[in-house]
Amino acid sequence: MINDFFNIMLPQICLGLFIVLQLLLSIFLSPRFEKYARIISASGIALSAVLLTSVQAEPQYFGLKNAVMSDYYTVLFHFIILICGFFIVLLMKNLTLKSKQNSYTLHALLLTAIFGAFNIVSANDFLTLFISIELLSFPTYFLIASTRNYYSKEACFKYLITNAISTGVFLFGVSYLYGITSSVNFSEITEFMSENEPSLLYAFSGIMIILGLISKLSIFPFANWVIDVYKGTETSILAFLSTIPKLAMFAIVCRLLVFPLSYSFELAFVLAIISIITAFWANTYAIRENNVKVIFACSSAANASYMLLVAALVSVYNLSTVIFYLVCYVIMNLTVFCFLNITEYNNIGFNINDFKNIFHKNHGFAVCYALTIIALAGFPITSGFAAKIYLFSAVANSGLIFLPFLLALLLLTVIALFYYLKIIMPLFEKNNSEGIKLKAFYSQKFVLFITAAITLIIGICPEKLIELCRFIAYNI
Amino acid sequence: MDIFISIPFLIFLPMAASFLLMSPLFTNNEISIRRFAKSLCGFHLIYTIILFAFFNAANPYTCKLSFFGQDWIESLGIQFAFKIDGISMLLVLLTSFIFFIASMASKMNIRKSHKFYYSMLLLLMSAVLGIFTANDMFVFFLFWELELIPAYFLIGGDFGHEYKEESKKSAVKFVLFTFLGSMIMLLGILLLHYFNYNSANILSSVFENIITTNIPTSIKYLISICFLIGFGVKLPIIPLHTWLPDAHTNAPTPVSMILAGILLKTGAYGIYRFNYQILGDIFSNFAGILAVLALINIIYTAFVAYTQKDIKRIVAYSSISNMGLVLLGLCAFNQIGLSASVFHMIAHSFVTAGLFMICGIVYLRCKTRDINSLGGIAIYMPRLFGFASLIVLASVGIPLFAPFIGEILTIISAMFSDMGTVLKLTAIFSLPLLIISSCYMLKFLHEGFMGQVQEKFSKINDITVHEFVILASITTGLIFLGIFPFVVLNMVG
């Protein structure tokens with residue numbers, strides 16, 4: 001037990017200690033020192049990332065009576081989650097200034113959510129997974145509602161309802177699976193299924209489990225929340241919402257699809273079909289939208305559906321492409337929401353026409369933002385191009401049956417380009433006014449330039465990251 | 001020193017210059033930006049001419065300039081590979097020349113956002129050079145996509161020319177059409193890559209490593225159709241052409257010159273590389289259908305061009321018509337056809353660049369492009385009228401000018417093609433083009449320049465020295481190629 005803690009749990013323990021520290025400070029420290037909350041969170045995350053090097057990954061380690069596990073796959077996802085968390089903490093200054101709340105509590109909530117995401121990635125049985133999902137969800141509700149206006153409350157409530165329903169669906173599937181295999185442990189279920197013929201009930205429970213999990217990815221049956229939630233949420237929380245839950249959920253969905261749920265062909269087809277439906281819905285919804293946040297909500301749903309389609313057609317190659325796409329996509333999203341965070345700080349609205357003439361006085365910001373949108377649309381010399389080619393090559397390699405799916409994806413990408421262009425063009429348009437010079441904190445500038453640079457660097461030489469993803473995928 | 005005589009230098013020099021222009025380090029002074037861009041294009045032209053002079057067409061692969069390869073994404077077998085053969089060399093030279101005269105023509109037409117405009121122009125140049133020299137499917141696709149970003153901004157941006165809201169719409173239309181085509185092309189590339197790996201067991205996307213002999217025929221048909229749609233949008237082949245007149249009409253003059261002069265040729269080049277070379281064994285099955293489509297291109301758009309009121313639209317439709325001729329040359333699937341089609345690409349580039357230049361000059365002076373309100377300006381602009389008549393006569397297909405040889409060779413190649421009677425019939429039916437094209441082009445000349453002298457145009461000036469140099473170089477090129485066509489034809493052979 002103690003050994004487990006020292007072998008694989010040190011980063012989690014570090015995060016937990018910092019959560020407690022933030023909570024204690026929120027009680028005892030006067031509001032004058034609130035500006036240090038960011039620094040404490042950031043140092044906690046950095047320390048946790050350092051401790052990640054102490055985690056045993058080779059060979060696979062199962063700890064706490066097989067409830068959690070650790071290998072290179074979990075370490076990679078932990079690392080990316082920590083990087084995203086670090087950037088998000090840097091972006092939170094604006095929110096803490098505006099919301100007039102105790103910033104220690106906000107940061108404690110964010111760290112708790114990161115802690116939950118951590119445990120989702122390393123979960124090795126369904127109970128741990130369930131608790132971790134709740135640990136991720138609960139702080140998220142409060143974070144969404146932290147701006148305390150009407151829209152954010154509405155967003156919070158919608159997110160709560162959707163998550164509650166999807167958790168119910170998830171538990172429903174788990175109970176059936178437990179009925180079939182008499183276990184909730186992933187390894188034991190895999191072992192049991194390798195010896196027995198998969199039944200229809202097994203496929204059904206698998207579908208239910210995955211449907212419950214992918215509500216956070218905004219995939220079709222539980223997709224509609226994404227629009228209202230994105231509309232009502234503050235941008236730094238959006239940066240959180242569009243990265244960390246996605247990373248955690250994709251990590252666990254891929255693991256489930258590779259191990260315990262890999263014996264059902266029906267599941268792959270159902271997932272492929274719902275991901276195409278989501279892609280169609282999201283891309284067509286965004287055409288008529290003029291709110292930038294809503295457009296990015298649709299774009300996030302669409303991108304998640306592309307990845308889910310590839311993840312559903314299980315193979316090692318596909319897994320590596322999903323990881324690569326996910327990493328590139330998360331970095332792009334951080335840039336986008338960092339830019340929106342800067343404009344929000346300058347009281348610029350979220351209609352696409354509010355962004356007119358931004359380029360005129362803010363070359364650096366506008367170029368980074370435009371570069372990222374170009375990357376999201378999948379144009380070259382950005383990571384989006386390599387990611388698109390790599391992801392679509394996975395569908396092409398999965399066999400001719402999936403050719404219609406590939407064609408549908410490619411055509412939907414064209415629709416996606418339309419709304420991305422709609423976002424880019426106003427930046428360079430002249431209007432009658434002089435144009436304002438955007439003010440930004442150093443932390444915001446840092447995040448914007450670093451993430452945009454990463455997008456560009458991965459675009460120019462993607463080989464190293466692809467090799468890493470392949471290594472991870474082969475060692476799962 | 002090696003880096004200065006290599007293909008990456010040739011391609012990435014304009015891109016590097018574009019990034020330099022975009023960076024805040026570069027001055028905002030209009031004149032220095034323009035001179036920098038112009039001198040860079042000039043240097044590039046001289047560099048390419050030197051390359052061309054040392055290029056050995058009979059044995060291109062002995063030259064160390066002809067190849068470049070570097071692993072890019074090993075897990076997909078993608079190499080950053082470039083190769084220059086005869087056709088690539090010609091098209092690279094053409095690109096360099098057209099961009100040079102376009103950067104010269106920008107002086108009169110571009111009034112604001114100079115920094116942005118010239119950096120996008122140079123980026124577009126890099127992308128097009130990349131398309132013409134790429135030796136790997138994915139690298140080809142990379143440059144094909146890269147070209148869309150600057151083209152979008154150049155068509156839709158506000159550069160102080162007669163900017164309208166429609167420019168933005170036509171830019172979006174252009175990008176969406178081309179992107180749709182390129183996505184379908186990506187499907188073809190992915191399938192080809194996958195089946196090449198499956199049947200020949202080579203994980204590579206370099207053109208030479210793609211062996212199609214073991215791929216099932218139905219798959220090959222599918223891939224061919226994907227490529228034809230992808231390139232057919234750019235060429236354009238008739239049902240996919242609707243973006244072209246809008247984009248060409250609403251873009252600033254130098255951008256129209258580039259669009260018609262260079263970007264359309266990338267479509268023909270793509271059909272040559274993919275459908276003609278790699279999937280050549282089933283190209284003969286498409287030749288008949290493509291020839292009929294080419295015939296529709298030639299005749300239908302010629303009639304449409306005759307009915308247009310906007311002089312720029314007449315030129316735009318005449319481009320589609322001429323690209324049909326290029327496609328017909330490819331369909332003939334023999335050596336003459338290939339030479340003819342490359343030759344006509346080059347000849348048409350010169351003609352269309354000149355015609356768009358003339359339209360731009362007329363619009364700058366008269367503030368209208370409506371053919372009904374123009375007329376009688378020949379008397380005020382005798383030098384422009386001289387050049388216009390020379391270029392219009394060239395485009396009609398008068399001997400001594402380059403397009404004559406292109407048209408005649410194309411029709412001869414279709415007549416002597418082995419692809420069946422369809423090709424022969426197409427050759428015969430495309431002969432009226434020579435008449436119809438003379439109809440609309442002479443209407444352009446007659447109603448635009450001659451006719452009733454109008455008092456309102458009495459204040460306009462004749463062309464400046466700057467414009468004279470551009471038009472004179474185009475006309476010289478046309479006459480030179482008309483008299484010495486073997487400069488080009490030998491390179492293809």
# chains A, B, ... in the order shown; residues from 1 in each chain; ligands from 1
>>> residues_around(residues="region 315-332 of chain B", least_positions_apart="4", cutoff="8 Å", atoms="only C-alpha atoms", output="JSON, numbers by chain")
{"B": [235, 236, 237, 241, 244, 245, 248, 249, 260, 264, 268, 272, 276, 284, 287, 288, 290, 291, 293, 294, 295, 296, 297, 298, 299, 300, 301, 302, 304, 305, 311, 337, 338, 340, 341, 342, 344, 345, 348, 352, 355, 356, 407, 410, 411, 413, 414, 416, 417, 418, 419, 423, 437]}
>>> residues_around(residues="Gly212 (chain A)", least_positions_apart="6", cutoff="7 Å", atoms="only C-alpha atoms", output="number ranges by chain")
A: 166-167, 169-170
>>> write_last_selection(atoms="C-alpha atoms", output="PDB file, in the first residue's frame")
ATOM      1  CA  SER A 166     -24.751  10.468 -18.779  1.00  0.00           C
ATOM      2  CA  THR A 167     -23.317   9.217 -15.503  1.00  0.00           C
ATOM      3  CA  VAL A 169     -26.167   5.716 -18.461  1.00  0.00           C
ATOM      4  CA  PHE A 170     -22.560   4.884 -17.656  1.00  0.00           C
TER       5      PHE A 170
END
>>> select_by_dssp(residues="region 8-172 of chain B", states="alpha helix (DSSP H)", output="PyMOL selection string")
chain B and resi 8-22+30-54+86-109+114-133+137-146+148-156+165-172
>>> interface_residues(of="chain B", to="chain A", cutoff="7 Å", atoms="only C-alpha atoms", output="mmCIF file with C-alpha atoms, in the first residue's frame")
data_model
loop_
_atom_site.group_PDB
_atom_site.id
_atom_site.type_symbol
_atom_site.label_atom_id
_atom_site.label_comp_id
_atom_site.auth_asym_id
_atom_site.auth_seq_id
_atom_site.Cartn_x
_atom_site.Cartn_y
_atom_site.Cartn_z
ATOM 1 C CA TRP B 72 9.937 14.349 -43.199
ATOM 2 C CA ILE B 73 7.435 11.991 -41.585
ATOM 3 C CA GLU B 74 9.074 8.594 -41.596
ATOM 4 C CA LEU B 142 1.033 20.427 -48.721
ATOM 5 C CA GLU B 145 -3.159 23.597 -49.611
ATOM 6 C CA LEU B 146 -0.595 26.239 -48.702
ATOM 7 C CA LEU B 176 -14.333 26.454 -50.722
ATOM 8 C CA PHE B 179 -10.659 23.013 -50.801
ATOM 9 C CA LEU B 180 -13.480 20.650 -51.730
ATOM 10 C CA MET B 183 -10.116 17.115 -49.972
ATOM 11 C CA LEU B 190 -4.548 8.362 -49.038
ATOM 12 C CA LEU B 191 -6.001 5.450 -50.990
ATOM 13 C CA TYR B 194 -2.450 2.692 -48.644
#
>>> residues_around(residues="Lys309 (chain B)", least_positions_apart="4", cutoff="8 Å", atoms="only C-alpha atoms", output="number ranges by chain")
B: 313-314, 370-372
>>> write_last_selection(atoms="all heavy atoms", output="short mmCIF file (atom, residue, chain, number, x, y, z; two decimals), in the first residue's frame")
data_model
loop_
_atom_site.label_atom_id
_atom_site.label_comp_id
_atom_site.auth_asym_id
_atom_site.auth_seq_id
_atom_site.Cartn_x
_atom_site.Cartn_y
_atom_site.Cartn_z
N ARG B 313 -14.47 39.81 -67.38
CA ARG B 313 -15.16 38.53 -67.43
C ARG B 313 -14.94 37.86 -68.78
O ARG B 313 -14.83 36.62 -68.86
CB ARG B 313 -16.66 38.71 -67.18
CG ARG B 313 -17.02 38.84 -65.73
CD ARG B 313 -18.51 38.87 -65.57
NE ARG B 313 -19.04 37.57 -65.17
CZ ARG B 313 -19.06 37.15 -63.90
NH1 ARG B 313 -18.60 37.91 -62.94
NH2 ARG B 313 -19.55 35.98 -63.60
N ILE B 314 -14.86 38.66 -69.86
CA ILE B 314 -14.58 38.07 -71.17
C ILE B 314 -13.25 37.33 -71.11
O ILE B 314 -13.14 36.17 -71.54
CB ILE B 314 -14.53 39.16 -72.25
CG1 ILE B 314 -15.89 39.84 -72.38
CG2 ILE B 314 -14.11 38.57 -73.59
CD1 ILE B 314 -15.92 40.93 -73.42
N ASP B 370 -17.34 48.22 -68.22
CA ASP B 370 -18.50 47.83 -69.00
C ASP B 370 -18.21 48.09 -70.47
O ASP B 370 -17.86 49.21 -70.87
CB ASP B 370 -19.70 48.66 -68.54
CG ASP B 370 -20.95 48.21 -69.24
OD1 ASP B 370 -20.90 47.14 -69.90
OD2 ASP B 370 -21.97 48.93 -69.15
N ILE B 371 -18.36 47.06 -71.28
CA ILE B 371 -17.94 47.19 -72.67
C ILE B 371 -18.82 48.16 -73.45
O ILE B 371 -18.40 48.74 -74.43
CB ILE B 371 -17.90 45.79 -73.33
CG1 ILE B 371 -17.02 45.81 -74.57
CG2 ILE B 371 -19.28 45.29 -73.66
CD1 ILE B 371 -16.49 44.50 -74.94
N ASN B 372 -20.06 48.38 -72.94
CA ASN B 372 -20.94 49.28 -73.66
C ASN B 372 -20.59 50.74 -73.44
O ASN B 372 -20.81 51.57 -74.32
CB ASN B 372 -22.40 49.04 -73.24
CG ASN B 372 -22.87 47.69 -73.70
OD1 ASN B 372 -22.37 47.16 -74.68
ND2 ASN B 372 -23.81 47.12 -72.98
#
>>> residues_around(residues="Thr140 (chain A)", least_positions_apart="6", cutoff="10 Å", atoms="only C-alpha atoms", output="mmCIF file with C-alpha atoms, in the first residue's frame")
data_model
loop_
_atom_site.group_PDB
_atom_site.id
_atom_site.type_symbol
_atom_site.label_atom_id
_atom_site.label_comp_id
_atom_site.auth_asym_id
_atom_site.auth_seq_id
_atom_site.Cartn_x
_atom_site.Cartn_y
_atom_site.Cartn_z
ATOM 1 C CA LEU A 109 -11.474 23.912 -7.535
ATOM 2 C CA LEU A 110 -9.301 23.931 -10.628
ATOM 3 C CA THR A 112 -9.362 19.364 -7.803
ATOM 4 C CA ALA A 113 -10.594 19.030 -11.364
ATOM 5 C CA ILE A 114 -7.046 18.356 -12.545
ATOM 6 C CA GLU A 134 -17.369 12.809 -10.333
ATOM 7 C CA SER A 146 -18.050 31.368 -11.241
ATOM 8 C CA CYS A 156 -23.772 25.333 -15.174
ATOM 9 C CA TYR A 159 -23.832 20.867 -17.796
ATOM 10 C CA LEU A 160 -24.963 19.419 -14.478
ATOM 11 C CA ILE A 237 -12.680 28.190 -17.834
ATOM 12 C CA PHE A 240 -10.047 24.267 -19.177
ATOM 13 C CA LEU A 241 -13.313 22.777 -20.409
ATOM 14 C CA PRO A 245 -11.849 16.745 -19.654
#
>>> residues_around(residues="Leu23 (chain A)", least_positions_apart="5", cutoff="7 Å", atoms="only C-alpha atoms", output="ChimeraX atom specification")
/A:104-105,108
>>> residues_around(residues="Ser473 (chain B)", least_positions_apart="5", cutoff="9 Å", atoms="only C-alpha atoms", output="PyMOL selection string")
chain B and resi 101+468+478
>>> residues_around(residues="Val330 (chain A)", least_positions_apart="3", cutoff="12 Å", atoms="only C-alpha atoms", output="JSON, numbers by chain")
{"A": [77, 80, 81, 83, 84, 85, 87, 88, 238, 239, 240, 241, 242, 243, 244, 245, 246, 247, 248, 250, 300, 303, 304, 322, 323, 324, 325, 326, 327, 333, 334, 335, 336, 337, 372, 375, 376, 383, 384, 387, 451, 452, 454, 455]}
>>> select_by_dssp(residues="region 24-77 of chain A", states="strand (DSSP E)", output="number ranges by chain")
A: 61-63, 68-70
